[in-house]
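Notes for the one structure printed next.
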Protein chains: 2
Amino acid sequence: MEKQTITIYDVAREAAVSMATVSRVVNGNPNVKPATRKKVLEVIERLDYRPNAVARGLASKKTTTVGVIIPDVSNAYFASLARGIDDVATMYKYNIILANSDGNDVKEVNVLNTLLAKQVDGIIFMGHHLTEQIRGEFSRSKTPVVLAGSIDPDNQVGSVNIDYEAATKDATNQLIKSGNKKVAFISGSLLDPINGIQRLKGYKEALKDNNIDFNEGLVFEAEYNYKAGLALHDRVVNSGATAAVVADDELAVGLLNSLTDNGVKVPEEFEIITSNNSLFSDIARPSVTSISQPLYDIGAVSMRLLTKLMNKEDIDEKDIVLPYGLIQKQSTK
Amino acid sequence: MEKQTITIYDVAREAAVSMATVSRVVNGNPNVKPATRKKVLEVIERLDYRPNAVARGLASKKTTTVGVIIPDVSNAYFASLARGIDDVATMYKYNIILANSDGNDVKEVNVLNTLLAKQVDGIIFMGHHLTEQIRGEFSRSKTPVVLAGSIDPDNQVGSVNIDYEAATKDATNQLIKSGNKKVAFISGSLLDPINGIQRLKGYKEALKDNNIDFNEGLVFEAEYNYKAGLALHDRVVNSGATAAVVADDELAVGLLNSLTDNGVKVPEEFEIITSNNSLFSDIARPSVTSISQPLYDIGAVSMRLLTKLMNKEDIDEKDIVLPYGLIQKQSTK
DNA sequence: CTGTTAGCGCTTTCAT
DNA sequence: ATGAAAGCGCTAACAG
């Protein structure tokens, strides 16, 4: 028995109308007499007809699917964004093709190309560092792009973020105010403009406002994971720091656990403020004071912005900055 | 300026060959004289030609994309599976359309239908409970399906899992051996066959082997999240249990923290074994002893199995059971 | 309100 | 080894 697909043609024949009419009722075009619509609908039901989205895509040049380039779905931070993206996508009848890049330049370019080949209607990009090549592809292609939780120093495409600079400044300030002279700045690669430009800038501003000299030895780069946090212990302790602003929760909790496991009292002897307010920061004991970013919303708003772009609507502002907070928990005094 | 897409036709004209030939070189068909191939390749390069995957999909009836139905990507358990799936998919030149269902019957059916409409070549389904309707759709459609970390009591489609029954039995046994007479069984909905059938069975077997009567009052159903774990505290304490096997890490850590925050010593006064060995179980203090499931591998193997199914290869076994472990940490004696 | 007619860009026999 | 031509299933003018 063959995989006999029934097409719009079959429906048209059975309903004794033209393909165009069937197409109209399928697409909810109002220009169809109720009686005809009903008749067609019945045949569709009876034949169990399902429009072929690929054919539709070829004919209409719209696939109702968007590409999402993500460093790693299994990272809680990005997974939250992804969830926000998918929910809004679903709301607007889009599907998402999810592709992991590991923040790797080559993979990013590859995946971008296959996404473009698949004629996605738009792209949401999450990544630490926009390479020239990627930016070139973005501007060359006519496909709308939105950066979620990522910065393009050149502002060519839309983006949704929080004000990392101000948030880091606030956090650093709090740590200084509570008496810490040496506050460590712990982030991911400084090549990522979020770290190297925005966060670092906020950190330095806080120091300056409090007349503290910037000390290179208090700046640490690490990968965003628990083990990296554990591994940081000795270096941080040796730096003489008595507090730290950390750019990632896993990293922060790793540092925290290595500290407490070694008998250091947190927050009495060492204070920590982290950045994502994820479950990790709640689960840890002591729980970790954190900047709160509306992760789900960053994803959701990105997708909403993308729908506008795909729809060629007028955008009042293509770079959206969402509000952040500072949630006090047990790792600060 | 228009979005002037260059097509296979343009390439054919410029290279002075037929579309068929261009198609052949693009698809790596060996029946092309090296000289012609070279010539065509140069034109492709020069024109920056990119084959349109949608057109290709319509003509060949293959989209090289698979649908992935997932309860929630922002759940660490499922996110790990998803990562394994995507990596193997990429390896075999597939992309994944990721769709969140929240384990909701209606959403599952909807999303399945749009996936089928989009002509995905295969589907990977993760969900707690296969409804009749979904199973009906599965068997009616000719599209290959694989269940990842989910059970179909009827075994109609392929699946990849661990032996939940044996794993739960092992965990329960350890708890009993170390002196606990009352071991709580804490899982998600018992409607999910993994919980209601497999895990519960393993739990009961362990009791039986140790001549302990099954006590309904020690069985708890809860949602798989941290708050649900916190909320469970009173009921578990009142049940008289001195240990628990928990089906989810967030749940387990929630219970753990509510216990320790209330002054109960773990593991001295209460022992806990959880099920996913995720980062949560490492971060908690005390860290939580856990069954270890090869999450990434479950995803990866599922996708590998699906490629075979899509390729109509012979399958030795369409239900794959992967090995599990039991990782001793600080929450058990 | 409904039908006709071209394609959309590519794969795939079938010839040659 | 290469070309010609017929679709794949649907949308979108354009008529009427």
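Quick note on naming: the chains in the structure tokens go A, B, ... in the order shown, residues restart at 1 in each chain, and ligands are numbered from 1 in order of appearance.
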
Open item on the list: With only C-alpha atoms (C1' of nucleotides) as the counted atoms, please give the residues lying no more than 12 Å from DA12 of chain D, apart from itself and same-chain residues fewer than 5 positions off, as an MDAnalysis selection string.
Closed with: (chainID A and resid 19:20 23:24 56 59:61) or (chainID C and resid 4:8)

Open item on the list: I want to know what sits within 6 Å of segment 108-118 of chain A, based on only C-alpha atoms (C1' of nucleotides), with residues of the same chain fewer than 4 positions away left out; could you give that as a PyMOL selection string?
Closed with: (chain A and resi 101) or (chain B and resi 52-54)

With C-alpha atoms retained, export the selected residues as an mmCIF file, in the first residue's frame.
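Ended up saving to result_8.cif:
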data_model
loop_
_atom_site.group_PDB
_atom_site.id
_atom_site.type_symbol
_atom_site.label_atom_id
_atom_site.label_comp_id
_atom_site.auth_asym_id
_atom_site.auth_seq_id
_atom_site.Cartn_x
_atom_site.Cartn_y
_atom_site.Cartn_z
ATOM 1 C CA SER A 101 26.324 26.372 17.866
ATOM 2 C CA ASN B 52 16.397 26.270 -2.063
ATOM 3 C CA ALA B 53 15.618 23.545 0.436
ATOM 4 C CA VAL B 54 11.887 24.091 0.209
#

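Near chain B, within 9 Å and counting only C-alpha atoms (C1' of nucleotides), the residues of chain C are DC8, DG9, DC10, DT11 and DT12 of chain C.
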
Open item on the list: Could you work out which residues of chain D fall inside 12 Å of chain B? Count only C-alpha atoms (C1' of nucleotides), and format the result as an MDAnalysis selection string.
Closed with: chainID D and resid 1:10

Task: chain B contacts to chain A at 9 Å (only C-alpha atoms) as a ChimeraX atom specification - done: /B:3,50-55,57-58,63,65,72-83,86-87,90,95-100,113-119,142,226,250,253-254,257,279-280,283-285

Open item on the list: So that I can see what lies close to segment 147-155 of chain A, please list as number ranges by chain the residues with an atom at most 9 Å from it, counting only C-alpha atoms (C1' of nucleotides) and leaving out residues fewer than 6 positions away in the same chain.
Closed with: A: 78, 81, 123-130, 135, 161-162, 192-194, 295, 298-299, 301-303, 319

Dump of C-alpha atoms for the selected residues, as a CSV table (one decimal), in the first residue's frame:
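File produced: result_37.csv:
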chain,number,residue,atom,x,y,z
A,78,PHE,CA,19.6,29.9,27.0
A,81,LEU,CA,15.2,32.2,26.4
A,123,ILE,CA,16.3,34.3,12.6
A,124,ILE,CA,16.9,34.7,16.3
A,125,PHE,CA,20.6,34.7,17.3
A,126,MET,CA,22.1,34.1,20.7
A,127,GLY,CA,25.8,34.1,20.9
A,128,HIS,CA,28.6,35.7,22.8
A,129,HIS,CA,30.5,37.2,20.0
A,130,LEU,CA,29.3,38.3,16.6
A,135,ARG,CA,27.5,40.0,10.6
A,161,ASN,CA,18.8,42.8,26.3
A,162,ILE,CA,19.0,44.3,29.8
A,192,ASP,CA,32.1,39.1,24.4
A,193,PRO,CA,31.0,42.7,24.4
A,194,ILE,CA,28.6,42.1,27.1
A,295,LEU,CA,15.1,35.6,30.7
A,298,ILE,CA,14.0,38.4,26.7
A,299,GLY,CA,13.2,35.4,24.5
A,301,VAL,CA,10.1,39.9,23.3
A,302,SER,CA,12.8,39.0,20.8
A,303,MET,CA,10.4,36.7,19.0
A,319,ASP,CA,17.0,47.7,20.3

- [ ] Would you please extract all strand (DSSP E or B) residues from segment 5-130 of chain B, as assigned by DSSP on the backbone, and give them as a VMD selection string?
- [x] chain B and resid 65 to 70 95 to 100 122 to 125

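From atom CA of Ser287 of chain B back to atom CA of Glu221 of chain B, the distance works out to 22.9 Å.
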